[in-house]
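Listing of query.cif; format and content: mmCIF, C-alpha atoms.
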data_my_file
loop_
_atom_site.label_atom_id
_atom_site.label_comp_id
_atom_site.auth_asym_id
_atom_site.auth_seq_id
_atom_site.Cartn_x
_atom_site.Cartn_y
_atom_site.Cartn_z
CA MET A 193 0.00 0.00 0.00
CA ALA A 194 2.64 2.50 -1.05
CA GLN A 195 0.24 4.97 -2.65
CA PRO A 196 -1.36 7.45 -0.21
CA GLU A 197 -4.81 7.13 -1.80
CA THR A 198 -4.72 3.35 -1.40
CA ARG A 199 -3.77 3.64 2.27
CA LEU A 200 -6.53 6.18 2.83
CA ALA A 201 -9.11 3.95 1.13
CA ALA A 202 -8.01 1.00 3.28
CA LEU A 203 -8.20 3.02 6.49
CA VAL A 204 -11.74 4.14 5.72
CA LEU A 205 -13.24 1.10 4.01
CA HIS A 206 -11.94 -1.74 6.18
CA ASN A 207 -14.29 -0.60 8.94
CA ALA A 208 -17.38 0.47 6.99
CA ASP A 209 -19.95 -0.71 4.47
CA LEU A 210 -18.28 -0.60 1.06
CA ALA A 211 -21.28 0.64 -0.90
CA LEU A 212 -22.37 3.32 1.55
CA SER A 213 -18.79 4.56 1.86
CA VAL A 214 -18.48 5.23 -1.87
CA ARG A 215 -21.98 6.67 -2.33
CA SER A 216 -21.77 9.64 -4.65
CA ARG A 217 -23.00 12.93 -3.26
CA SER A 218 -23.21 14.43 -6.74
CA ALA A 219 -25.41 11.54 -7.93
CA GLU A 220 -27.80 12.15 -5.05
CA GLN A 221 -27.90 15.89 -5.72
CA SER A 222 -28.54 15.47 -9.43
CA VAL A 223 -31.86 13.64 -9.03
CA GLN A 224 -35.13 15.19 -7.87
CA HIS A 225 -38.41 13.53 -6.89
CA VAL A 226 -40.15 15.76 -9.44
CA PHE A 227 -41.66 14.56 -12.73
CA SER A 228 -43.07 16.17 -15.84
CA HIS A 229 -45.68 13.45 -16.41
CA THR A 230 -47.45 11.26 -13.83
CA VAL A 231 -50.59 9.18 -13.82
CA LYS A 232 -53.57 11.14 -12.48
CA LEU A 233 -54.16 8.78 -9.57
CA GLU A 234 -51.57 6.91 -7.52
CA GLY A 235 -52.45 4.17 -5.05
CA THR A 236 -53.04 5.03 -1.41
CA PRO A 237 -51.92 3.82 1.09
CA VAL A 238 -48.35 2.81 0.18
CA THR A 239 -48.20 -0.97 0.42
CA ASN A 240 -45.72 -3.12 2.33
CA GLN A 241 -44.91 -6.73 1.43
CA ARG A 242 -42.85 -6.99 4.63
CA ASN A 243 -40.72 -10.13 4.98
CA SER A 244 -42.05 -11.88 1.90
CA GLY A 245 -41.22 -12.19 -1.79
CA ARG A 246 -44.67 -11.21 -3.07
CA CYS A 247 -43.54 -8.09 -4.97
CA TRP A 248 -45.11 -9.28 -8.24
CA LEU A 249 -48.52 -9.67 -6.57
CA PHE A 250 -48.20 -6.29 -4.88
CA ALA A 251 -47.12 -4.64 -8.14
CA GLN A 252 -50.06 -5.94 -10.13
CA CYS A 253 -52.54 -5.28 -7.32
CA ASN A 254 -51.19 -1.71 -7.19
CA VAL A 255 -51.82 -1.33 -10.93
CA ILE A 256 -55.39 -2.62 -10.61
CA ARG A 257 -56.34 -0.73 -7.46
CA THR A 258 -55.90 2.73 -8.97
CA GLN A 259 -58.47 1.81 -11.61
CA ILE A 260 -60.82 0.63 -8.84
CA MET A 261 -60.21 3.87 -6.91
CA ALA A 262 -61.08 5.94 -9.98
CA GLN A 263 -64.17 3.89 -10.81
CA TYR A 264 -65.62 3.94 -7.29
CA ASP A 265 -64.36 7.43 -6.32
CA LEU A 266 -62.14 6.30 -3.44
CA ASP A 267 -59.36 8.22 -1.71
CA LYS A 268 -57.68 5.01 -0.52
CA PHE A 269 -58.00 1.31 -1.27
CA GLU A 270 -55.96 -1.86 -1.17
CA LEU A 271 -56.57 -5.27 -2.68
CA SER A 272 -55.83 -8.46 -0.76
CA GLN A 273 -52.44 -9.68 -1.90
CA SER A 274 -52.76 -12.47 0.67
CA TYR A 275 -55.80 -13.87 -1.16
CA LEU A 276 -53.81 -14.34 -4.36
CA HIS A 277 -50.80 -15.51 -2.34
CA PHE A 278 -52.84 -18.37 -0.83
CA TYR A 279 -53.97 -19.67 -4.20
CA ASP A 280 -50.54 -19.16 -5.75
CA LYS A 281 -49.04 -21.45 -3.10
CA LEU A 282 -51.76 -24.03 -3.69
CA GLU A 283 -51.34 -23.97 -7.46
CA LYS A 284 -47.54 -24.10 -7.30
CA ALA A 285 -47.73 -27.14 -5.03
CA ASN A 286 -50.04 -28.89 -7.47
CA THR A 287 -47.81 -28.00 -10.42
CA PHE A 288 -44.70 -29.29 -8.66
CA LEU A 289 -46.35 -32.65 -7.98
CA LEU A 290 -47.56 -32.90 -11.58
CA ASN A 291 -44.06 -32.06 -12.80
CA THR A 292 -42.76 -34.79 -10.51
CA ILE A 293 -45.12 -37.28 -12.14
CA GLU A 294 -44.11 -36.20 -15.65
CA LEU A 295 -40.39 -36.30 -14.81
CA HIS A 296 -40.39 -39.38 -12.59
CA GLU A 297 -37.93 -41.16 -14.87
CA SER A 298 -35.41 -38.32 -14.43
CA ALA A 299 -32.68 -38.66 -11.84
CA LEU A 300 -33.17 -36.64 -8.67
CA ASP A 301 -30.04 -34.65 -9.56
CA ASP A 302 -31.18 -34.01 -13.14
CA ARG A 303 -30.60 -30.32 -13.79
CA VAL A 304 -34.22 -29.49 -14.61
CA TYR A 305 -35.85 -31.57 -11.88
CA GLY A 306 -33.14 -30.57 -9.42
CA PHE A 307 -34.00 -26.95 -10.08
CA LEU A 308 -37.74 -27.55 -9.69
CA LYS A 309 -37.37 -29.27 -6.34
CA GLY A 310 -35.06 -26.53 -5.09
CA GLU A 311 -37.86 -24.02 -4.43
CA PRO A 312 -41.20 -25.53 -5.45
CA VAL A 313 -43.36 -22.90 -3.71
CA ASN A 314 -41.23 -19.79 -3.38
CA ASP A 315 -43.00 -16.44 -3.11
CA GLY A 316 -41.91 -15.02 -6.46
CA GLY A 317 -43.75 -14.95 -9.75
CA GLN A 318 -44.20 -13.38 -13.16
CA TYR A 319 -46.90 -11.29 -14.80
CA ASP A 320 -48.45 -14.20 -16.70
CA MET A 321 -48.69 -16.09 -13.42
CA VAL A 322 -50.67 -13.18 -11.95
CA VAL A 323 -52.98 -13.33 -14.95
CA ASN A 324 -53.56 -17.03 -14.34
CA LEU A 325 -54.52 -16.36 -10.72
CA LEU A 326 -56.77 -13.44 -11.64
CA LEU A 327 -58.67 -15.40 -14.28
CA ARG A 328 -59.19 -18.39 -11.99
CA TYR A 329 -59.72 -16.73 -8.61
CA GLY A 330 -60.52 -13.04 -9.13
CA ILE A 331 -59.74 -10.35 -6.54
CA VAL A 332 -61.07 -9.20 -3.17
CA PRO A 333 -60.59 -6.07 -1.02
CA LYS A 334 -57.93 -6.41 1.64
CA GLN A 335 -60.46 -6.32 4.48
CA THR A 336 -62.13 -9.41 3.03
CA PHE A 337 -58.93 -11.48 3.39
CA PRO A 338 -56.36 -9.55 5.46
CA GLU A 339 -52.73 -10.38 6.15
CA SER A 340 -51.67 -13.16 8.50
CA PHE A 341 -48.28 -13.57 10.15
CA SER A 342 -47.23 -16.16 7.57
CA SER A 343 -48.29 -14.09 4.57
CA SER A 344 -46.16 -11.17 5.77
CA ALA A 345 -43.27 -13.38 6.96
CA SER A 346 -43.46 -16.39 4.69
CA SER A 347 -40.15 -18.23 5.12
CA ARG A 348 -41.30 -20.71 7.76
CA LEU A 349 -44.47 -21.60 5.84
CA ASN A 350 -42.45 -21.99 2.64
CA TRP A 351 -40.09 -24.36 4.44
CA LEU A 352 -42.93 -26.45 5.85
CA VAL A 353 -44.75 -26.79 2.52
CA THR A 354 -41.48 -27.51 0.70
CA VAL A 355 -40.56 -30.32 3.11
CA LYS A 356 -43.98 -31.93 2.65
CA LEU A 357 -43.81 -31.57 -1.13
CA ARG A 358 -40.41 -33.23 -1.28
CA GLU A 359 -41.78 -36.05 0.84
CA HIS A 360 -44.81 -36.32 -1.43
CA ALA A 361 -42.58 -36.25 -4.52
CA LEU A 362 -40.54 -39.22 -3.34
CA GLU A 363 -43.75 -41.08 -2.57
CA LEU A 364 -45.11 -40.42 -6.06
CA ARG A 365 -41.88 -41.52 -7.73
CA ALA A 366 -41.84 -44.73 -5.70
CA LEU A 367 -45.50 -45.40 -6.48
CA LEU A 368 -44.98 -44.92 -10.21
CA HIS A 369 -41.95 -47.21 -10.33
CA SER A 370 -43.51 -49.91 -8.13
CA THR A 371 -46.77 -49.91 -10.09
CA LYS A 372 -44.92 -50.35 -13.36
CA ALA A 373 -42.82 -53.15 -11.87
CA ARG A 374 -45.90 -54.91 -10.49
CA LEU A 375 -47.60 -54.74 -13.90
CA ALA A 376 -44.51 -55.69 -15.89
CA SER A 377 -46.38 -58.42 -17.75
CA LEU A 378 -48.78 -55.89 -19.31
CA PRO A 379 -48.10 -53.93 -22.49
CA GLN A 380 -46.21 -50.71 -21.77
CA GLU A 381 -49.12 -48.43 -22.67
CA GLN A 382 -51.42 -50.17 -20.18
CA ARG A 383 -48.70 -50.26 -17.57
CA ASP A 384 -47.98 -46.53 -17.91
CA LYS A 385 -51.68 -45.65 -17.87
CA ALA A 386 -52.28 -47.60 -14.67
CA ALA A 387 -49.23 -46.08 -12.98
CA LEU A 388 -50.33 -42.57 -13.95
CA ALA A 389 -53.85 -43.14 -12.63
CA ALA A 390 -52.48 -44.37 -9.30
CA ALA A 391 -50.12 -41.40 -9.03
CA LEU A 392 -52.82 -38.86 -9.83
CA GLN A 393 -55.13 -40.39 -7.25
CA ARG A 394 -52.41 -40.23 -4.63
CA LYS A 395 -51.57 -36.66 -5.65
CA GLU A 396 -55.12 -35.54 -4.86
CA ALA A 397 -54.79 -36.88 -1.32
CA GLN A 398 -51.44 -35.14 -0.95
CA MET A 399 -52.92 -31.84 -2.11
CA LYS A 400 -55.56 -32.03 0.61
CA GLU A 401 -52.74 -32.12 3.13
CA ILE A 402 -51.07 -29.09 1.52
CA TYR A 403 -54.39 -27.22 1.50
CA LYS A 404 -54.83 -27.90 5.20
CA ILE A 405 -51.38 -26.47 5.97
CA LEU A 406 -52.12 -23.32 3.97
CA LEU A 407 -55.54 -22.94 5.55
CA ILE A 408 -54.12 -23.16 9.08
CA ALA A 409 -51.28 -20.71 8.37
CA LEU A 410 -53.01 -18.19 6.11
CA GLY A 411 -56.72 -18.53 6.87
CA GLU A 412 -59.52 -19.88 4.70
CA PRO A 413 -60.07 -17.73 1.61
CA LEU A 414 -63.26 -17.28 -0.33
CA GLY A 415 -63.79 -19.48 -3.33
CA PRO A 416 -63.85 -17.62 -6.65
CA ASP A 417 -67.67 -17.86 -6.80
CA ASP A 418 -68.37 -17.17 -3.11
CA GLU A 419 -70.22 -13.93 -2.44
CA PHE A 420 -68.85 -11.20 -0.18
CA THR A 421 -70.11 -7.77 0.86
CA TRP A 422 -67.91 -4.73 0.33
CA GLU A 423 -68.77 -1.65 2.36
CA TYR A 424 -66.98 1.66 1.85
CA HIS A 425 -67.28 5.46 1.85
CA ASP A 426 -66.51 7.39 -1.32
CA LYS A 427 -64.57 10.67 -1.34
CA ALA A 428 -67.75 12.63 -0.59
CA GLY A 429 -68.36 10.50 2.50
CA LYS A 430 -71.31 8.64 1.01
CA PHE A 431 -71.75 5.07 2.27
CA HIS A 432 -71.97 2.20 -0.23
CA ARG A 433 -72.66 -1.50 0.11
CA ARG A 434 -71.96 -3.79 -2.84
CA ARG A 435 -72.02 -7.54 -3.26
CA PHE A 436 -69.58 -9.41 -5.46
CA THR A 437 -67.84 -12.69 -5.91
CA PRO A 438 -64.06 -12.50 -6.41
CA LEU A 439 -64.52 -13.14 -10.11
CA SER A 440 -67.36 -10.65 -10.55
CA PHE A 441 -65.36 -8.01 -8.65
CA LEU A 442 -62.51 -8.41 -11.15
CA LYS A 443 -64.93 -8.19 -14.07
CA SER A 444 -66.47 -5.04 -12.59
CA VAL A 445 -63.22 -3.09 -13.13
CA LYS A 446 -64.13 -1.53 -16.45
CA THR A 447 -60.67 -0.32 -17.48
CA PHE A 448 -58.72 -3.48 -16.61
CA GLU A 449 -58.49 -6.43 -18.96
CA PRO A 450 -55.91 -9.07 -17.93
CA LEU A 451 -55.55 -10.46 -21.44
CA ALA A 452 -55.04 -7.08 -23.13
CA ALA A 453 -51.40 -6.67 -22.05
CA CYS A 454 -48.16 -8.62 -22.31
CA SER A 455 -44.56 -8.58 -21.13
CA LEU A 456 -41.93 -6.87 -23.24
CA VAL A 457 -38.39 -7.67 -22.18
CA ASN A 458 -34.85 -6.65 -23.03
CA ASP A 459 -32.52 -9.65 -23.22
CA PRO A 460 -29.50 -8.52 -25.28
CA ARG A 461 -28.22 -12.11 -25.47
CA ARG A 462 -30.98 -13.08 -27.86
CA GLY A 463 -32.56 -11.89 -31.09
CA TYR A 464 -35.10 -9.10 -30.92
CA ASN A 465 -38.68 -9.26 -32.18
CA LYS A 466 -39.03 -12.84 -30.99
CA LEU A 467 -41.21 -14.57 -28.42
CA MET A 468 -39.47 -16.14 -25.44
CA SER A 469 -41.01 -18.65 -23.05
CA VAL A 470 -39.71 -20.66 -20.10
CA ASP A 471 -39.98 -24.42 -19.80
CA ARG A 472 -42.01 -25.50 -16.74
CA LEU A 473 -42.20 -22.02 -15.23
CA GLN A 474 -45.80 -21.98 -14.10
CA ASN A 475 -48.14 -21.77 -11.14
CA VAL A 476 -51.49 -22.88 -12.62
CA TRP A 477 -50.98 -26.15 -14.48
CA GLY A 478 -52.05 -25.96 -18.11
CA ALA A 479 -52.80 -22.22 -17.99
CA ARG A 480 -51.25 -19.33 -19.91
CA PRO A 481 -47.47 -19.90 -20.20
CA VAL A 482 -44.95 -17.33 -19.08
CA SER A 483 -44.07 -15.51 -22.31
CA TYR A 484 -42.04 -12.44 -23.20
CA VAL A 485 -41.54 -10.50 -26.42
CA ASN A 486 -37.86 -9.55 -26.65
CA THR A 487 -37.09 -6.07 -27.91
CA THR A 488 -34.74 -3.14 -27.35
CA SER A 489 -34.49 -1.16 -24.15
CA GLN A 490 -35.50 1.95 -26.09
CA THR A 491 -38.73 0.28 -27.18
CA LEU A 492 -39.50 -0.58 -23.56
CA LYS A 493 -38.99 3.07 -22.61
CA ASP A 494 -41.12 4.37 -25.48
CA CYS A 495 -43.98 2.11 -24.38
CA VAL A 496 -43.66 3.25 -20.77
CA VAL A 497 -43.86 6.92 -21.78
CA LYS A 498 -46.96 6.29 -23.92
CA SER A 499 -48.61 4.42 -21.06
CA ILE A 500 -47.88 7.12 -18.47
CA LYS A 501 -49.06 9.91 -20.77
CA ALA A 502 -52.32 7.99 -21.25
CA GLY A 503 -52.74 7.64 -17.49
CA TYR A 504 -51.76 3.98 -17.00
CA ALA A 505 -49.14 2.85 -14.50
CA VAL A 506 -46.70 0.16 -15.65
CA PHE A 507 -45.70 -3.10 -13.94
CA PHE A 508 -41.96 -3.67 -14.44
CA GLY A 509 -39.28 -6.15 -13.40
CA CYS A 510 -35.70 -5.22 -12.55
CA ASP A 511 -32.59 -6.10 -10.56
CA VAL A 512 -33.34 -3.77 -7.68
CA GLY A 513 -30.26 -4.57 -5.61
CA LYS A 514 -27.79 -3.14 -8.10
CA PHE A 515 -26.67 0.49 -7.65
CA SER A 516 -29.69 1.40 -5.55
CA HIS A 517 -30.21 2.87 -2.10
CA SER A 518 -33.63 2.28 -0.58
CA ALA A 519 -33.41 4.90 2.19
CA SER A 520 -32.91 7.72 -0.32
CA GLY A 521 -35.05 5.94 -2.91
CA LEU A 522 -32.48 6.27 -5.68
CA MET A 523 -31.59 3.84 -8.46
CA SER A 524 -28.68 5.25 -10.47
CA THR A 525 -25.65 3.76 -12.20
CA GLU A 526 -23.66 6.73 -10.84
CA LEU A 527 -24.67 6.11 -7.23
CA PHE A 528 -21.59 4.19 -6.05
CA ASP A 529 -18.09 5.16 -7.21
CA TYR A 530 -16.14 1.94 -6.70
CA GLU A 531 -13.50 3.03 -9.20
CA ALA A 532 -12.47 6.00 -7.06
CA ALA A 533 -11.96 3.78 -4.02
CA PHE A 534 -10.51 0.63 -5.58
CA GLY A 535 -8.98 1.87 -8.83
CA THR A 536 -10.83 -0.68 -10.95
CA LYS A 537 -13.87 -0.55 -13.20
CA LEU A 538 -16.83 -2.92 -13.23
CA GLY A 539 -16.85 -3.70 -16.93
CA LEU A 540 -19.50 -6.36 -17.56
CA SER A 541 -22.14 -5.53 -20.16
CA LYS A 542 -25.84 -6.24 -19.56
CA ALA A 543 -25.61 -9.42 -21.63
CA GLU A 544 -22.46 -10.55 -19.82
CA ARG A 545 -24.06 -9.96 -16.43
CA LEU A 546 -26.94 -12.22 -17.46
CA ASP A 547 -24.62 -14.92 -18.80
CA MET A 548 -22.50 -14.93 -15.65
CA GLY A 549 -25.40 -14.90 -13.19
CA GLU A 550 -24.43 -11.42 -11.99
CA SER A 551 -27.84 -9.95 -12.76
CA MET A 552 -31.43 -11.07 -13.22
CA MET A 553 -34.95 -9.94 -12.40
CA THR A 554 -35.22 -9.81 -8.61
CA HIS A 555 -38.08 -7.40 -7.95
CA ALA A 556 -41.29 -6.06 -9.49
CA MET A 557 -42.56 -2.52 -8.95
CA VAL A 558 -44.75 0.04 -10.72
CA ILE A 559 -43.74 3.06 -12.81
CA THR A 560 -46.18 5.93 -12.17
CA GLY A 561 -44.34 8.87 -13.70
CA VAL A 562 -41.58 10.05 -16.01
CA SER A 563 -39.61 13.26 -16.40
CA LEU A 564 -38.83 14.30 -19.97
CA ASP A 565 -36.32 16.92 -21.07
CA ASP A 566 -37.13 19.63 -23.62
CA ALA A 567 -36.34 17.21 -26.46
CA GLY A 568 -38.73 14.59 -25.09
CA LYS A 569 -36.02 12.23 -23.82
CA VAL A 570 -36.61 10.46 -20.51
CA GLN A 571 -34.44 11.67 -17.64
CA ARG A 572 -35.91 9.65 -14.77
CA TYR A 573 -38.88 7.55 -13.67
CA ARG A 574 -41.12 7.65 -10.60
CA VAL A 575 -41.41 4.19 -9.06
CA GLU A 576 -44.04 2.92 -6.62
CA ASN A 577 -42.46 0.27 -4.42
CA SER A 578 -44.03 -2.12 -1.90
CA TRP A 579 -41.61 -1.64 0.99
CA GLY A 580 -43.69 0.75 3.06
CA GLU A 581 -43.55 4.53 3.51
CA ASP A 582 -40.13 4.71 5.18
CA ILE A 583 -38.11 4.41 1.96
CA GLY A 584 -37.43 7.11 -0.59
CA ASP A 585 -40.10 9.78 -0.98
CA ARG A 586 -42.82 8.28 1.25
CA GLY A 587 -42.51 4.90 -0.43
CA TYR A 588 -41.64 6.09 -3.94
CA MET A 589 -38.24 5.79 -5.62
CA VAL A 590 -36.48 7.50 -8.53
CA MET A 591 -34.91 5.47 -11.33
CA SER A 592 -32.45 7.11 -13.72
CA ASP A 593 -32.70 6.50 -17.45
CA ALA A 594 -29.24 4.89 -17.53
CA TRP A 595 -30.24 2.55 -14.68
CA PHE A 596 -33.33 1.53 -16.69
CA ASP A 597 -31.10 0.55 -19.61
CA GLN A 598 -28.79 -1.57 -17.48
CA TYR A 599 -31.03 -3.18 -14.85
CA THR A 600 -34.64 -3.07 -16.07
CA TYR A 601 -35.58 -6.23 -17.92
CA GLN A 602 -39.36 -6.25 -18.25
CA VAL A 603 -42.33 -3.93 -18.66
CA VAL A 604 -45.96 -5.00 -18.92
CA VAL A 605 -47.72 -2.89 -21.53
CA ARG A 606 -51.25 -2.70 -22.83
CA ARG A 607 -51.70 -3.59 -26.47
CA GLU A 608 -52.49 -0.03 -27.59
CA PHE A 609 -49.19 1.34 -26.24
CA MET A 610 -46.82 -1.04 -28.04
CA PRO A 611 -45.83 -1.47 -31.69
CA ALA A 612 -48.39 -3.64 -33.48
CA ASN A 613 -45.77 -6.14 -34.65
CA LEU A 614 -44.76 -6.90 -31.05
CA TRP A 615 -48.34 -7.62 -30.03
CA ASP A 616 -48.73 -9.86 -33.08
CA ILE A 617 -45.67 -11.85 -32.00
CA PHE A 618 -47.17 -12.32 -28.55
CA ALA A 619 -50.65 -13.13 -29.86
CA ALA A 620 -49.27 -15.85 -32.15
CA GLY A 621 -48.38 -17.81 -29.02
CA VAL A 622 -45.65 -20.32 -28.36
CA ASN A 623 -44.62 -22.03 -31.60
CA LYS A 624 -41.60 -23.50 -33.37
CA ASP A 625 -39.95 -20.07 -33.61
CA THR A 626 -40.21 -19.36 -29.88
CA ASP A 627 -37.02 -19.29 -27.81
CA VAL A 628 -37.90 -21.73 -25.01
CA LEU A 629 -35.57 -21.10 -22.08
CA PRO A 630 -34.68 -23.67 -19.42
CA PRO A 631 -36.14 -23.04 -15.94
CA TYR A 632 -32.69 -22.12 -14.60
CA ASP A 633 -32.16 -19.27 -17.11
CA PRO A 634 -31.90 -15.74 -15.61
CA PHE A 635 -35.18 -14.86 -17.35
CA ALA A 636 -36.86 -17.70 -15.47
CA THR A 637 -36.28 -15.95 -12.16
CA LEU A 638 -39.36 -14.98 -10.22
CA ALA A 639 -39.52 -11.31 -9.32
#

Any chance you could give the structure as structure tokens?
Amino acid sequence: MAQPETRLAALVLHNADLALSVRSRSAEQSVQHVFSHTVKLEGTPVTNQRNSGRCWLFAQCNVIRTQIMAQYDLDKFELSQSYLHFYDKLEKANTFLLNTIELHESALDDRVYGFLKGEPVNDGGQYDMVVNLLLRYGIVPKQTFPESFSSSASSRLNWLVTVKLREHALELRALLHSTKARLASLPQEQRDKAALAAALQRKEAQMKEIYKILLIALGEPLGPDDEFTWEYHDKAGKFHRRRFTPLSFLKSVKTFEPLAACSLVNDPRRGYNKLMSVDRLQNVWGARPVSYVNTTSQTLKDCVVKSIKAGYAVFFGCDVGKFSHSASGLMSTELFDYEAAFGTKLGLSKAERLDMGESMMTHAMVITGVSLDDAGKVQRYRVENSWGEDIGDRGYMVMSDAWFDQYTYQVVVRREFMPANLWDIFAAGVNKDTDVLPPYDPFATLA
């Protein structure tokens, strides 16, 4: 350590958090929580997913609730994320067991099955998985199915369900192999059919056990066709009482159509203007697959601006832990100056970070505003998070345009705000030209 600057850096940094110690004052001063264009109505109150990985459910519920607030003239409203969380856990458990049946001839350490059994019911998810839940189960106000301890702090419940699912998976594999062995004298088609029937019957009994665990930990939710009463006061103080089922409540939201939007992503490793899908990434078995249309980062930004100008907030997926500071609510590639302290640059490109596992989608949030310069170029974005009011500007963060390019991977855009050719690619569905990614690809991560 002959150089004075190296000695100084060592004296300071050996006893302090590296990132906070190199946080750039100029980067913080250059960004304001002020925006030239915002949606007319933002969700109130600010939501908090607490110690859970339900950001994707919170993000989509936050998109929907503003449309409910506008339609019913509310000054505050929150949907039950816990309601969707319950059914997501149930559906993921069922899908894992069905995958186990389909892949029972694979070795336990097979890369695909090994990945699936790693986290069969984790909290994360993707936009298409929200759509599947919405179409099957609908939505309810938060007071109809409020939070429980295990919805807000989900790790222990996830562990318990995972242990039981792994136990059930071994039982199903053993049953399939033993049934085939016992019926070895039969033709293979008959043997396989009998083994499958036995496994499916046993799977139904196993799912009852999983349902019981979820019911005890999270509470018993309404069924999608069960009626509930919603009572509220509008902004003028007038009392209202309405009756819905979860499915009819979803259908009552006049400006929201789950099937009228899709995910646009920026994966620079692959060809643009192509559909991407992920093998076996699903919560509801046999439902809409997780699909993305790959395009440029600039196209993503153009679609966001069109959406915001039209008054629609945007669900997006990003790598929130990179060059961000939650307390100040800032996401900026200039935020931490590691080069000044260590004398070395971080030189990986976006594609290289994906290839090396250095970056992936880790969090979903909502863009509610943009700031454009005089030439119409985006300078920064207003971001609604789900980490409570104590971060950033009362729960809202600022994302720089350069940060969007490097660490934003996905935006969910309504059909009318994207180029027609991209919607056509999505609408054509998964086919022979689709890039089908393995479940361990970075774009298979659950935000």

Distance criterion (only C-alpha atoms): nearest to Met399 in chain A out of A:Lys446, A:Lys284, A:His277, A:Arg472 |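 That would be A:Lys284, the residue with the smallest distance to Met399 in chain A.
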
Please write the residues picked by the PyMOL selection byres ((chain A and resi 569-585) around 7) on this file as a PyMOL selection string.
-> chain A and resi 238-242+247+250+518-521+557-565+567-568+586-593

Export of the given selection (C-alpha atoms) as a compact mmCIF listing (two decimals), in the frame of the given file:
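Result saved to again08.txt:
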# COMPACT_ATOMS: atom_id res chain seq x y z
CA VAL A 238 -48.35 2.81 0.18
CA THR A 239 -48.20 -0.97 0.42
CA ASN A 240 -45.72 -3.12 2.33
CA GLN A 241 -44.91 -6.73 1.43
CA ARG A 242 -42.85 -6.99 4.63
CA CYS A 247 -43.54 -8.09 -4.97
CA PHE A 250 -48.20 -6.29 -4.88
CA SER A 518 -33.63 2.28 -0.58
CA ALA A 519 -33.41 4.90 2.19
CA SER A 520 -32.91 7.72 -0.32
CA GLY A 521 -35.05 5.94 -2.91
CA MET A 557 -42.56 -2.52 -8.95
CA VAL A 558 -44.75 0.04 -10.72
CA ILE A 559 -43.74 3.06 -12.81
CA THR A 560 -46.18 5.93 -12.17
CA GLY A 561 -44.34 8.87 -13.70
CA VAL A 562 -41.58 10.05 -16.01
CA SER A 563 -39.61 13.26 -16.40
CA LEU A 564 -38.83 14.30 -19.97
CA ASP A 565 -36.32 16.92 -21.07
CA ALA A 567 -36.34 17.21 -26.46
CA GLY A 568 -38.73 14.59 -25.09
CA ARG A 586 -42.82 8.28 1.25
CA GLY A 587 -42.51 4.90 -0.43
CA TYR A 588 -41.64 6.09 -3.94
CA MET A 589 -38.24 5.79 -5.62
CA VAL A 590 -36.48 7.50 -8.53
CA MET A 591 -34.91 5.47 -11.33
CA SER A 592 -32.45 7.11 -13.72
CA ASP A 593 -32.70 6.50 -17.45

Name the residues that the PyMOL selection byres ((chain A and resi 454-461) around 6) picks from the file above, as JSON, numbers by chain, using the file's chain letters and numbers.
-> {"A": [453, 462, 484, 485, 486, 487, 488, 489, 543, 601, 602, 603, 604, 605]}

What does the distance from CA of Gly621 in chain A to CA of Leu467 in chain A come to in Å, to one decimal?
->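 According to the coordinates, CA of Gly621 in chain A and CA of Leu467 in chain A are separated by 7.9 Å.
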
In Å, how far is it from CA of Met610 in chain A to CA of Ser483 in chain A?
->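 Separation of CA of Met610 in chain A and CA of Ser483 in chain A: 15.8 Å.
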
Quick one: 4 Å padding each side, axis-aligned, all listed atoms of range 246-255 of chain A - centre and edge lengths in Å to one decimal, as JSON?
{"center_x": -48.0, "center_y": -6.3, "center_z": -7.0, "size_x": 17.0, "size_y": 17.9, "size_z": 15.9}

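If you count all atoms listed in the file and ignore residues fewer than 5 places along the chain from Leu410 in chain A, what sits within 7 Å of it is Phe278, Ser340, Ser342 and Ser343 of chain A.
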
Taking (-51.1, -9.9, -25.2) in the file's own coordinates, collect the residues within 8 Å, counting only C-alpha atoms, and hand them back as number ranges by chain.
-> A: 451-455, 606-607, 615, 618-619

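Across A:Asn613, A:Gln259, A:Ser347, A:Thr198, the tightest approach to Glu449 in chain A is made by A:Gln259 when counting only C-alpha atoms.
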
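Remark: for His225 in chain A, the closest of the candidate residues A:Leu522, A:Ala299, A:Val496, A:Ala262 is A:Leu522 (distances computed over only C-alpha atoms).
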
With a distance cut-off of 12 Å and all atoms listed in the file, select the neighbouring residues of Val313 in chain A, excluding the residue or stretch itself and same-chain residues fewer than 6 positions from it, and output the selection as a ChimeraX atom specification.
-> /A:245-246,277-289,346-358,402,406,473-475,638

note - CA of Val255 in chain A and CA of Gln335 in chain A are separated by 18.4 Å

Identify all residues satisfying the PyMOL selection byres ((chain A and resi 236) around 7) in the given file; provide them as a PyMOL selection string.
-> chain A and resi 234-235+237-238+268-269

With a distance cut-off of 12 Å and only C-alpha atoms, select the neighbouring residues of range 422-433 of chain A, excluding the residue or stretch itself and same-chain residues fewer than 5 positions from it, and output the selection as a PyMOL selection string.
-> chain A and resi 260-271+332-337+438+441

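The protein and nucleic acid residues lying at most 8 Å from Gln318 in chain A are Trp248, Val482, Leu638 and Ala639 of chain A, with all atoms listed in the file considered and sequence neighbours fewer than 6 positions away removed.
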
Write out the residues from the selection above, keeping C-alpha atoms, as a PDB file, in the frame of the given file.
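File again-v1.pdb, as written:
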ATOM      1  CA  TRP A 248     -45.110  -9.280  -8.240  1.00  0.00           C
ATOM      2  CA  VAL A 482     -44.950 -17.330 -19.080  1.00  0.00           C
ATOM      3  CA  LEU A 638     -39.360 -14.980 -10.220  1.00  0.00           C
ATOM      4  CA  ALA A 639     -39.520 -11.310  -9.320  1.00  0.00           C
TER       5      ALA A 639
END
